[in-house]
Structure formats: C-alpha cells, structure tokens
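Shown here: target-v3.cif, mmCIF, C-alpha atoms.
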```cif
data_run
#
loop_
_atom_site.label_atom_id
_atom_site.label_comp_id
_atom_site.auth_asym_id
_atom_site.auth_seq_id
_atom_site.Cartn_x
_atom_site.Cartn_y
_atom_site.Cartn_z
CA MET A 1 99.86 140.37 95.05
CA ALA A 2 96.14 140.27 95.71
CA THR A 3 94.80 137.75 98.16
CA TYR A 4 92.24 135.15 97.28
CA ILE A 5 88.70 136.61 96.98
CA GLN A 6 89.99 140.10 97.86
CA LEU A 7 89.10 141.28 94.38
CA GLY A 8 85.74 139.61 93.96
CA GLY A 9 84.43 136.28 92.87
CA VAL A 10 83.12 133.41 94.92
CA LYS A 11 84.74 130.43 96.56
CA ILE A 12 83.99 127.02 95.19
CA PRO A 13 82.27 125.00 97.97
CA VAL A 14 84.72 122.83 99.87
CA VAL A 15 82.83 119.79 101.14
CA SER A 16 83.62 116.40 102.65
CA SER A 17 81.19 114.51 100.38
CA ASP A 18 79.69 115.14 96.97
CA PRO A 19 76.39 117.06 97.00
CA ALA A 20 73.32 114.85 96.66
CA ASN A 21 71.74 116.45 93.63
CA PRO A 22 74.21 118.65 91.81
CA GLU A 23 73.14 120.53 88.73
CA ASN A 24 75.02 120.79 85.47
CA GLY A 25 77.83 123.30 85.78
CA GLN A 26 78.07 123.05 89.55
CA MET A 27 81.58 122.68 90.92
CA TRP A 28 82.97 121.75 94.33
CA TYR A 29 86.15 120.47 96.02
CA ASN A 30 85.81 117.16 97.87
CA THR A 31 88.17 117.12 100.87
CA THR A 32 87.77 113.38 101.39
CA SER A 33 88.86 112.33 97.92
CA ARG A 34 90.85 115.58 97.62
CA GLN A 35 89.50 116.16 94.13
CA LEU A 36 87.99 119.09 92.29
CA LYS A 37 84.69 117.88 90.86
CA GLY A 38 81.81 119.11 88.76
CA LYS A 39 78.51 118.02 87.27
CA LEU A 40 78.77 117.67 83.52
CA ASN A 41 75.79 116.55 81.52
CA SER A 42 74.47 113.54 83.38
CA GLY A 43 77.42 112.69 85.56
CA VAL A 44 79.83 113.88 88.18
CA VAL A 45 83.34 114.22 86.80
CA VAL A 46 86.74 114.69 88.38
CA ILE A 47 88.37 117.76 86.94
CA ALA A 48 91.85 117.00 85.69
CA PHE A 49 94.96 119.15 85.83
CA THR A 50 97.78 119.52 83.38
CA MET B 1 72.11 141.93 77.60
CA ALA B 2 72.17 140.30 80.99
CA LYS B 3 75.51 139.24 82.38
CA TYR B 4 76.35 135.56 82.75
CA ASN B 5 76.36 135.55 86.51
CA GLU B 6 73.02 137.34 86.66
CA LEU B 7 71.41 134.49 84.78
CA PHE B 8 73.33 131.39 85.79
CA GLY B 9 75.13 131.89 89.08
CA GLN B 10 78.35 133.43 90.22
CA LEU B 11 81.86 133.80 88.86
CA VAL B 12 84.98 132.43 90.42
CA GLN B 13 87.64 134.98 91.19
CA TYR B 14 89.04 136.62 88.04
CA ILE B 15 92.52 137.88 88.73
CA GLY B 16 95.70 138.89 86.89
CA SER B 17 98.08 136.80 88.99
CA ASP B 18 97.72 133.86 91.34
CA PRO B 19 96.43 134.96 94.77
CA SER B 20 98.72 134.82 97.78
CA ASN B 21 96.69 133.26 100.56
CA LEU B 22 95.52 130.10 98.90
CA GLU B 23 93.96 127.12 100.62
CA GLU B 24 93.18 123.64 99.38
CA GLY B 25 90.01 123.76 97.29
CA ASN B 26 90.34 127.34 96.05
CA VAL B 27 89.56 127.93 92.36
CA TRP B 28 90.25 131.09 90.34
CA TYR B 29 90.76 132.29 86.78
CA ASN B 30 94.17 133.75 85.96
CA SER B 31 93.50 136.39 83.32
CA SER B 32 97.19 136.75 82.43
CA SER B 33 97.70 133.12 81.50
CA ASN B 34 94.03 132.63 80.61
CA THR B 35 93.89 129.49 82.68
CA LEU B 36 91.49 128.14 85.27
CA LYS B 37 93.49 127.19 88.32
CA SER B 38 92.99 125.41 91.61
CA ARG B 39 94.89 124.80 94.81
CA ALA B 40 94.42 121.05 94.97
CA TYR B 41 95.96 117.80 96.11
CA GLN B 42 98.63 116.37 93.84
CA SER B 43 99.86 112.77 93.90
CA GLY B 44 103.54 111.93 94.09
CA SER B 45 105.40 111.66 90.80
CA TRP B 46 108.80 110.76 89.36
CA SER B 47 110.63 112.68 86.66
CA SER B 48 113.89 112.17 84.82
CA GLY B 49 116.93 113.44 86.65
CA ASP B 50 120.44 114.31 85.57
CA SER B 51 122.82 111.55 84.52
CA VAL B 52 125.68 110.40 86.67
CA ASN B 53 129.14 109.79 85.27
CA THR B 54 129.57 106.18 86.37
CA GLY B 55 126.56 103.91 86.60
CA ARG B 56 126.71 101.32 89.36
CA GLY B 57 124.79 99.51 92.06
CA PHE B 58 125.33 98.84 95.76
CA MET B 59 126.78 102.26 96.30
CA GLY B 60 126.92 104.53 99.31
CA GLY B 61 125.29 107.89 99.62
CA ALA B 62 124.91 110.84 101.93
CA SER B 63 121.57 109.87 103.45
CA TYR B 64 120.81 113.28 104.99
CA ALA B 65 121.81 115.37 101.99
CA ALA B 66 119.51 117.77 100.21
CA THR B 67 118.61 116.89 96.64
CA ASN B 68 120.63 119.83 95.34
CA ALA B 69 123.69 118.81 97.33
CA ALA B 70 123.83 115.04 97.04
CA LEU B 71 126.79 112.71 97.28
CA GLY B 72 127.36 109.15 96.01
CA PHE B 73 130.42 106.96 96.46
CA GLY B 74 131.73 103.45 95.93
CA GLY B 75 129.58 100.80 94.31
CA ASP B 76 129.75 97.86 91.96
CA THR B 77 129.97 98.30 88.19
CA GLY B 78 129.74 94.57 87.58
CA PRO B 79 133.38 93.75 86.93
CA ALA B 80 134.73 95.84 89.77
CA ARG B 81 134.10 97.50 93.08
CA VAL B 82 134.95 101.12 92.56
CA ASN B 83 136.08 104.09 94.64
CA ASN B 84 134.43 106.78 92.50
CA THR B 85 132.85 109.73 94.26
CA GLU B 86 130.34 112.06 92.65
CA GLU B 87 128.65 115.22 93.89
CA TYR B 88 125.38 116.66 92.62
CA ASN B 89 124.78 120.42 92.75
CA GLY B 90 121.18 120.52 91.60
CA SER B 91 121.96 120.55 87.90
CA SER B 92 124.80 118.14 87.21
CA TRP B 93 126.94 115.35 88.70
CA SER B 94 130.71 115.82 88.87
CA ASN B 95 133.55 113.47 89.75
CA GLN B 96 135.40 114.18 92.98
CA ASN B 97 138.42 112.74 94.76
CA THR B 98 138.10 109.00 95.16
CA MET B 99 137.87 106.87 98.27
CA SER B 100 141.07 105.11 99.26
CA THR B 101 139.41 101.70 98.93
CA GLY B 102 137.04 100.71 96.14
CA ARG B 103 134.06 99.03 97.74
CA SER B 104 130.42 98.19 97.23
CA ALA B 105 127.62 97.61 99.75
CA VAL B 106 129.09 100.25 102.02
CA GLY B 107 127.27 101.58 105.07
CA SER B 108 126.80 105.30 104.61
CA CYS B 109 125.32 108.50 105.98
CA GLY B 110 125.78 112.24 106.26
CA ILE B 111 125.68 115.20 103.92
CA GLN B 112 127.77 116.30 100.95
CA THR B 113 130.33 118.12 103.10
CA SER B 114 130.43 115.62 105.95
CA ALA B 115 129.81 112.00 105.06
CA LEU B 116 130.88 108.62 106.39
CA GLY B 117 131.29 105.26 104.68
CA TRP B 118 131.99 102.06 106.60
CA CYS B 119 132.45 98.37 105.87
CA GLY B 120 131.39 97.01 102.48
CA TYR B 121 132.75 94.48 100.03
CA SER B 122 135.91 94.50 97.97
CA GLY B 123 136.44 90.87 97.07
CA GLY B 124 136.15 90.27 100.80
CA GLY B 125 134.41 91.97 103.65
CA LEU B 126 135.70 95.23 105.09
CA THR B 127 135.53 97.00 108.43
CA ALA B 128 137.45 100.14 107.50
CA ALA B 129 135.68 103.48 107.55
CA GLU B 130 136.35 106.63 105.55
CA GLU B 131 135.23 110.23 106.09
CA TYR B 132 134.51 112.78 103.37
CA ASN B 133 134.71 116.51 104.12
CA GLY B 134 133.39 117.88 100.85
CA SER B 135 136.67 117.67 98.99
CA SER B 136 138.65 114.61 100.09
CA TRP B 137 138.47 111.34 101.96
CA SER B 138 140.44 110.45 105.08
CA GLY B 139 140.71 107.29 107.14
CA GLY B 140 138.19 106.85 109.92
CA THR B 141 137.86 104.53 112.87
CA ALA B 142 137.14 100.98 111.75
CA TYR B 143 133.77 99.37 112.44
CA PRO B 144 134.25 97.29 115.59
CA GLY B 145 132.20 94.28 114.57
CA SER B 146 132.86 91.69 111.90
CA ALA B 147 133.16 92.70 108.26
CA ARG B 148 129.66 93.58 107.03
CA TYR B 149 127.86 94.47 103.81
CA PHE B 150 124.91 96.86 103.59
CA ASP B 151 122.57 98.45 101.11
CA GLY B 152 121.02 101.56 102.55
CA GLY B 153 121.84 100.43 106.09
CA GLY B 154 122.86 103.73 107.56
CA THR B 155 121.40 106.97 108.83
CA GLY B 156 122.91 110.06 110.36
CA VAL B 157 123.28 113.75 109.77
CA SER B 158 127.06 113.92 109.36
CA ALA B 159 130.34 112.02 109.48
CA ASN B 160 130.15 112.40 113.27
CA SER B 161 126.72 110.89 113.81
CA ALA B 162 125.86 107.51 112.31
CA PHE B 163 123.54 104.62 113.00
CA SER B 164 124.43 101.29 111.39
CA PHE B 165 121.85 98.55 110.78
CA GLY B 166 120.71 96.09 108.10
CA ALA B 167 123.97 94.17 107.79
CA HIS B 168 123.99 91.05 105.66
CA ASN B 169 122.79 88.13 107.81
CA ASP B 170 123.14 89.92 111.14
CA ALA B 171 120.84 91.93 113.42
CA GLU B 172 123.58 93.93 115.12
CA THR B 173 123.51 97.72 115.24
CA TYR B 174 126.11 100.32 116.12
CA GLU B 175 126.27 104.05 116.68
CA TRP B 176 129.20 106.29 115.74
CA ASN B 177 129.55 109.62 117.58
CA GLY B 178 132.57 111.07 115.83
CA SER B 179 135.14 109.47 118.05
CA SER B 180 134.03 105.91 118.76
CA TRP B 181 131.62 103.17 117.75
CA SER B 182 129.29 101.75 120.40
CA ALA B 183 127.22 98.59 120.19
CA GLN B 184 123.47 99.12 120.45
CA PRO B 185 120.65 96.59 120.93
CA ASP B 186 120.20 94.10 118.15
CA MET B 187 117.20 94.59 115.91
CA PRO B 188 114.36 92.22 116.89
CA SER B 189 115.29 90.09 113.87
CA THR B 190 117.85 89.99 111.09
CA ARG B 191 117.06 92.28 108.16
CA THR B 192 119.63 91.78 105.46
CA TYR B 193 119.81 94.84 103.20
CA ALA B 194 117.06 96.63 105.08
CA VAL B 195 116.86 100.30 104.18
CA GLY B 196 116.08 103.23 106.43
CA PHE B 197 115.77 106.98 106.65
CA GLY B 198 116.07 109.57 109.39
CA THR B 199 118.78 110.35 111.92
CA GLN B 200 120.80 108.44 114.47
CA ASN B 201 118.11 108.93 117.12
CA SER B 202 115.11 108.81 114.82
CA THR B 203 115.49 106.05 112.24
CA PHE B 204 112.73 104.26 110.33
CA ILE B 205 113.87 100.83 109.09
CA THR B 206 111.93 99.12 106.31
CA GLY B 207 111.95 95.66 104.77
CA GLY B 208 114.83 93.28 104.34
CA LYS B 209 115.81 90.23 102.33
CA ASN B 210 113.04 87.69 101.56
CA ALA B 211 110.45 90.39 101.00
CA ILE B 212 110.07 91.44 104.63
CA THR B 213 107.11 93.81 104.97
CA SER B 214 107.44 94.67 108.65
CA THR B 215 109.11 97.84 109.80
CA ILE B 216 110.68 99.13 113.00
CA THR B 217 111.76 102.48 114.37
CA TYR B 218 114.81 103.30 116.48
CA ASN B 219 114.86 106.18 118.97
CA GLY B 220 118.50 106.10 119.94
CA SER B 221 118.17 103.36 122.51
CA SER B 222 115.46 100.86 121.57
CA PHE B 223 113.28 99.55 118.75
CA SER B 224 109.51 99.71 118.30
CA SER B 225 107.25 98.03 115.77
CA ALA B 226 105.74 100.26 113.11
CA PRO B 227 103.15 99.76 110.35
CA SER B 228 104.17 97.38 107.57
CA ILE B 229 104.96 98.49 104.07
CA ASN B 230 102.69 97.20 101.32
CA THR B 231 105.35 95.45 99.25
CA GLY B 232 108.11 93.60 101.04
CA ARG B 233 111.50 94.41 99.61
CA ALA B 234 115.20 94.84 100.22
CA ARG B 235 117.99 96.85 98.56
CA HIS B 236 115.57 99.69 97.89
CA GLY B 237 115.91 103.45 98.04
CA ALA B 238 114.65 105.68 100.83
CA ALA B 239 114.57 109.31 101.85
CA GLY B 240 113.35 111.19 104.90
CA THR B 241 114.82 113.18 107.74
CA SER B 242 113.03 111.55 110.67
CA THR B 243 110.56 108.78 111.49
CA SER B 244 107.64 111.16 110.94
CA ALA B 245 107.77 111.23 107.14
CA GLY B 246 109.57 109.36 104.41
CA VAL B 247 109.43 107.60 101.09
CA ILE B 248 110.81 104.29 99.80
CA TRP B 249 111.13 103.07 96.22
CA GLY B 250 112.34 100.22 94.04
CA GLY B 251 114.42 97.36 95.35
CA SER B 252 113.98 93.61 95.04
CA THR B 253 111.28 91.33 96.43
CA ASP B 254 113.35 88.16 96.27
CA ALA B 255 116.14 86.73 98.35
CA ASP B 256 119.19 86.67 96.15
CA SER B 257 118.02 86.55 92.57
CA ASP B 258 116.82 89.84 91.21
CA VAL B 259 113.10 90.56 91.19
CA GLU B 260 113.18 94.31 90.91
CA ILE B 261 110.14 96.47 91.39
CA ARG B 262 109.03 99.99 90.51
CA ASN B 263 106.75 100.58 93.48
CA THR B 264 107.01 103.70 95.62
CA GLU B 265 105.43 104.06 99.06
CA ASP B 266 104.93 107.22 101.11
CA TRP B 267 105.02 107.32 104.91
CA ASN B 268 103.09 110.21 106.47
CA GLY B 269 103.79 109.41 110.10
CA THR B 270 100.71 107.24 110.41
CA ALA B 271 100.39 104.94 107.41
CA TRP B 272 102.05 103.80 104.21
CA SER B 273 100.38 104.53 100.89
CA GLU B 274 101.19 103.59 97.32
CA SER B 275 102.54 106.35 95.13
CA ALA B 276 103.80 106.70 91.57
CA LEU B 277 105.89 104.00 89.93
CA LEU B 278 109.50 104.55 88.96
CA SER B 279 109.91 104.76 85.20
CA VAL B 280 111.98 101.56 85.32
CA LYS B 281 112.62 98.81 87.85
CA ARG B 282 115.59 99.82 89.97
CA ASP B 283 117.52 97.65 92.38
CA GLU B 284 120.36 98.60 94.72
CA PRO B 285 120.00 102.37 94.44
CA MET B 286 122.14 104.49 96.69
CA ASN B 287 120.92 105.96 99.94
CA GLY B 288 118.35 108.45 98.73
CA ALA B 289 118.88 112.14 99.23
CA GLY B 290 116.23 114.64 100.19
CA THR B 291 113.03 114.45 102.14
CA ALA B 292 109.66 112.76 101.93
CA SER B 293 108.49 115.64 99.74
CA VAL B 294 111.45 116.02 97.42
CA ALA B 295 113.69 113.03 96.99
CA MET B 296 116.23 111.68 94.55
CA ASN B 297 116.89 108.19 93.32
CA ALA B 298 120.31 108.07 91.76
CA PHE B 299 122.20 105.08 90.44
CA GLY B 300 119.73 102.22 90.50
CA LEU B 301 120.50 99.03 88.66
CA ILE B 302 117.99 98.23 85.95
CA ARG B 303 117.35 94.68 84.85
CA LEU B 304 119.22 93.84 81.62
CA GLN B 305 120.83 97.25 81.84
CA PRO B 306 123.22 96.80 84.74
CA ASN B 307 124.90 100.18 84.93
CA PRO B 308 122.51 102.90 83.87
CA THR B 309 123.54 106.48 84.40
CA GLY B 310 120.08 108.01 84.32
CA THR B 311 118.50 109.08 87.60
CA GLU B 312 114.98 109.90 88.73
CA ASP B 313 113.69 112.66 91.00
CA TYR B 314 110.63 112.37 93.23
CA ALA B 315 108.07 115.02 94.07
CA GLY B 316 106.01 113.82 96.98
CA PRO B 317 102.26 114.19 97.35
CA GLY B 318 100.88 117.45 98.61
CA VAL B 319 98.76 120.50 97.92
CA ALA B 320 99.90 122.55 94.94
CA THR B 321 98.64 125.17 92.51
CA GLN B 322 97.53 123.39 89.38
CA THR B 323 95.99 124.32 86.05
CA VAL B 324 92.74 122.74 84.94
CA SER B 325 93.33 120.82 81.73
CA THR B 326 91.33 121.49 78.62
CA SER B 327 90.76 119.14 75.74
#
```

Let's see the structure in the file written out as structure tokens.
Amino acid sequence: MATYIQLGGVKIPVVSSDPANPENGQMWYNTTSRQLKGKLNSGVVVIAFT
Amino acid sequence: MAKYNELFGQLVQYIGSDPSNLEEGNVWYNSSSNTLKSRAYQSGSWSSGDSVNTGRGFMGGASYAATNAALGFGGDTGPARVNNTEEYNGSSWSNQNTMSTGRSAVGSCGIQTSALGWCGYSGGGLTAAEEYNGSSWSGGTAYPGSARYFDGGGTGVSANSAFSFGAHNDAETYEWNGSSWSAQPDMPSTRTYAVGFGTQNSTFITGGKNAITSTITYNGSSFSSAPSINTGRARHGAAGTSTSAGVIWGGSTDADSDVEIRNTEDWNGTAWSESALLSVKRDEPMNGAGTASVAMNAFGLIRLQPNPTGTEDYAGPGVATQTVSTS
C-alpha cells in the first residue's frame, strides 16, 4: 500500500484557524473545529461526509 | 491544452487505494472508488444493534466485557424478576444457563467468562452472590452488608475483582477479591442508582437519583471529586475500562417516576462533552459493555414500551477515514 503523498499530490493545509481571505476552491482542515472546510462561491463551507 | 493544475493550482493525491500513513486533515482521491476522501474527526454515533431474546430492565451485565463478548443476566420484565442469562458473540444473543435466583437491580461486573452478580431484588432484598464461568452459575459468598439494590453499581474485571457502590439509599462501598468482601470508605454522599465504569481500583462514578450531576472517582482506597456531567441522571448506561475514558447514556433525570432521556456524554479524561442521542429514551439499561470508543447499550426500558428487545451500539468520537459527500 502506498503511503500518503508518496505518489504525488499535495497536502491540504492543516491550520488552527480559517484563512483570512480564502479564494473560491481553496480547501483546508481546521484543527480547532476539526472540520474540513472550503471556500465555495461567497462563503466558507464545512465539507460533509457520507 | 493546459492541465488543470497548471492553470488553477495543485491536485490532491490521486491514488488507487487509501494510503497507509494517514494523519488527521489528509485529503486524497481514491481512483478505485472514485471518491474524495479525508482523514477527519468523526462525532460519536449510535446504530441499531442485534435483538436480545428477553427484553427487561434493571438487569446485570458484565461491565468489563468486550462488545463482541457481552453478557446480561437477571432483570425485571414487569410482572417478574427473572433469572435469564444471555451471551452476545458479536452477531447474535443466545440464551444460556439461568441464575439460581431470579432477581433485578443486581450488582454486577466482570467479563463473559468470569462474571459476578450480587444482591438485587426478588420481591425482597437479597445479599446472595452468584458467579458465572462462561457456561454455568454457582453460589458465591454473600454480600456482607444489608440487602441492597443497584443499577449499574458495580465495576471489576472478573468474578474475582469487584467494586460495589451506588446502592439504593446508602453510601456504603465494598470490594470483593475472589475470596472475601471488605468494607471500603463510604462515598462522600449517597448516590442511589449511580452508574460507573472502570475497574476495582480505577472507577468513575456518575450521577445518582434526583438528577445528581456531580461525579467521583475511586482509586482503590479513597474518593476524589471529578468534573460534573452535563445532565444529572440515574439508572443510566456506562462503558469504559478506567477513569481515563468512558461514555454514559440514557437513564432517568427524576427521583422515582420515569423521566427517561436520550442524552449521551463522552469523558476524555479531562471533560465531559455531549454526543449523539440514543434513537429512543432508555432507562435502566444493563451495565454497558465495551470501551469509550466502542460500546453497547443492551436492554434499556423504553417509555410506553416496557420490554423492548432491540439494542443500540455506540461508536465513540475519533479520527476516521471518511468519504466526502456529493449532492
């Protein structure tokens, strides 16, 4: 089994607070709220899981 | 034509199977399942479990058992105190040899192959104890105090190591070491139907009748105050193998009439936090099996449905591989 990032790609930023001015399409993982988030259209959204 | 990442940024990892060295916050695309995945925090949740054969309340359970090797015994079906014993093997519940005395509100602890039940109610209070070895029950040494009733008032890893607390209207505690009972310090106050988790020398005691919110820990010789739970309750369920982590659920917030609740609270060694609700209000569940991370709530009374056979299983909060939802 390949390890994470061993085969290419980039890590999503893991940050303790949301970035100040994210751009549409930007994603990050907030370690304080422990949520995967992204900027979608005009707002920051929490990305849901099934 | 320019590639996407040349124009707009960079790609997350594109891989045929989930990577092996994941950390919280990692995101990747699984090309086999065509799903975007992340290693992310997941809240606690309840799911339907397997049905028991005889629904009942106020029953005993092996408090230190794993969820795939649980044990429940005794209890109250409404018209009668019963001696039924059931084992769970991870997929189904099966009837086993019965206790010699049908009883409800029995103190209890242990694992599926080495469990102890003491005291309880059978039309009158009891002091007798019984030991289960995985196939049959045998008489044990009677509880040395007065006849007592419990609901979740017992911890211990086997039939040879028990801690008794939470008796109806009494603060007394006792330890059982496999050959004799010994009186231990009284709890700082009476906690009727308090419920705990852990072992004889590392027990976390929560709540009690009249919606007590305070908690205490026991280290084998003395008690210490611990952070309060959010919702005071008694006759609830609990699971955990030491004072450092546990979970409580359900129970009643009132004194004697039934005010059942669905609330679940997680203990992480530092603080209590609210978790997922049970699917239904459950009162008088058996001693929960499992750990803070994976627990089982079997046999809880449900209001207006006194003897349900359905159970619920708990998956505690933690970091897990999850799939991003699409809609």

Using all atoms listed in the file, what table do you get, as a tab-separated table, when you list each residue of chain B with an atom no more than 6 Å from chain A, its nearest pair of atoms, and their distance in Å rounded to one decimal, rows by chain then rising number?
```
residue	atom	partner	partner_atom	distance
B:Leu11	CA	A:Gly9	CA	5.4
B:Val12	CA	A:Gly9	CA	4.6
B:Gln13	CA	A:Gly9	CA	3.8
B:Pro19	CA	A:Thr3	CA	4.7
B:Ser20	CA	A:Thr3	CA	4.9
B:Asn21	CA	A:Thr3	CA	5.4
B:Gly25	CA	A:Tyr29	CA	5.2
B:Tyr41	CA	A:Arg34	CA	5.8
B:Thr323	CA	A:Phe49	CA	5.3
B:Val324	CA	A:Phe49	CA	4.3
B:Ser325	CA	A:Phe49	CA	4.7
```

Could you make a table, as a tab-separated table, of the residues of stretch 67-102 of chain B that have an atom within 6 Å of an atom of stretch 45-58 of chain B, each with its nearest atom pair and distance in Å to one decimal, counting all atoms listed in the file, in chain and number order?
```
residue	atom	partner	partner_atom	distance
B:Gly75	CA	B:Phe58	CA	4.9
B:Asp76	CA	B:Gly57	CA	5.2
B:Thr77	CA	B:Arg56	CA	4.6
B:Trp93	CA	B:Val52	CA	5.5
```

**Report entry** Test item: which residues lie within 10 Å of (71.3, 112.6, 91.4) counting only C-alpha atoms, as a list of chain:residue names
**Finding:** A:Pro19, A:Ala20, A:Asn21, A:Pro22, A:Glu23, A:Lys39, A:Ser42, A:Gly43, A:Val44

**Report entry** Pick from B:Ser180, B:Tyr132, B:Ala62, B:Tyr88 nearest to B:Ala238, counting all atoms listed in the file
**Finding:**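 Distance minimum relative to B:Ala238 lands on B:Ala62.
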
Query raised in the report: B:Glu260, B:Ser63, B:Leu116, B:Asn68: which is nearest B:Asp313, counting only C-alpha atoms?
Result: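 Using only C-alpha atoms, B:Asp313 sits closest to B:Asn68.
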
Query raised in the report: atom CA of B:Ser92 and atom CA of B:Cys109, how far apart in Å?
Result: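 The value is 21.1 Å.
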
**Report entry** Explicit residue set for the PyMOL selection byres ((chain B and resi 139-154) around 7), as a ChimeraX atom specification
**Finding:** /B:58,105-109,118-121,125-131,137-138,155-156,162-168,181,193-196,235,284,286-287

Requested in this report: Rounded to one decimal place, report the atom CA of B:Phe204-atom CA of B:Thr253 distance in Å.
Outcome: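 Result for atom CA of B:Phe204 versus atom CA of B:Thr253: 19.0 Å, one decimal.
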
Report task. Give as a list of chain:residue names the residues that the PyMOL selection byres ((chain B and resi 44) around 7) matches when applied to the coordinates above. Result ->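 Output of the PyMOL selection byres ((chain B and resi 44) around 7): B:Gln42, B:Ser43, B:Ser45, B:Ser275, B:Ala276, B:Ala315, B:Gly316, B:Pro317.
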
Dump C-alpha atoms for the selected residues as a short mmCIF file (atom, residue, chain, number, x, y, z; two decimals), in the frame of the given file?
```cif
data_model
loop_
_atom_site.label_atom_id
_atom_site.label_comp_id
_atom_site.auth_asym_id
_atom_site.auth_seq_id
_atom_site.Cartn_x
_atom_site.Cartn_y
_atom_site.Cartn_z
CA GLN B 42 98.63 116.37 93.84
CA SER B 43 99.86 112.77 93.90
CA SER B 45 105.40 111.66 90.80
CA SER B 275 102.54 106.35 95.13
CA ALA B 276 103.80 106.70 91.57
CA ALA B 315 108.07 115.02 94.07
CA GLY B 316 106.01 113.82 96.98
CA PRO B 317 102.26 114.19 97.35
#
```

Requested in this report: Give me, please, the distance in Å between atom CA of B:Gly102 and atom CA of B:Ser122, quoted to one decimal.
Outcome: 6.6 Å

Query raised in the report: Nearest to B:Ser225: which of B:Leu22, B:Ile261, B:Ile205, B:Val247 is it, counting only C-alpha atoms?
Result: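 Result for the nearest residue to B:Ser225: B:Ile205.
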
Query raised in the report: Do you know which residues are at most 10 Å from B:Gly288 counting all atoms listed in the file, after dropping those on the same chain fewer than 2 positions away, and could you put them as JSON, numbers by chain?
Result: {"B": [60, 61, 62, 63, 64, 65, 66, 67, 70, 71, 72, 152, 195, 196, 197, 236, 237, 238, 239, 240, 247, 248, 249, 285, 286, 290, 291, 295, 296, 297, 298, 299, 313]}

Expected axis-aligned box over every listed atom of stretch 264-273 of chain B, 3 Å added per side, centre plus edges in Å to one decimal, as AutoDock Vina command-line options:
```
--center_x 103.7 --center_y 107.0 --center_z 103.0 --size_x 12.6 --size_y 12.5 --size_z 20.8
```

Report task. Mind checking which residues fall within 7 Å of B:Gln322, counting all atoms listed in the file, ignoring those fewer than 3 positions away in the same chain, and posting them as a PyMOL selection string? Result -> (chain A and resi 49) or (chain B and resi 37-40)
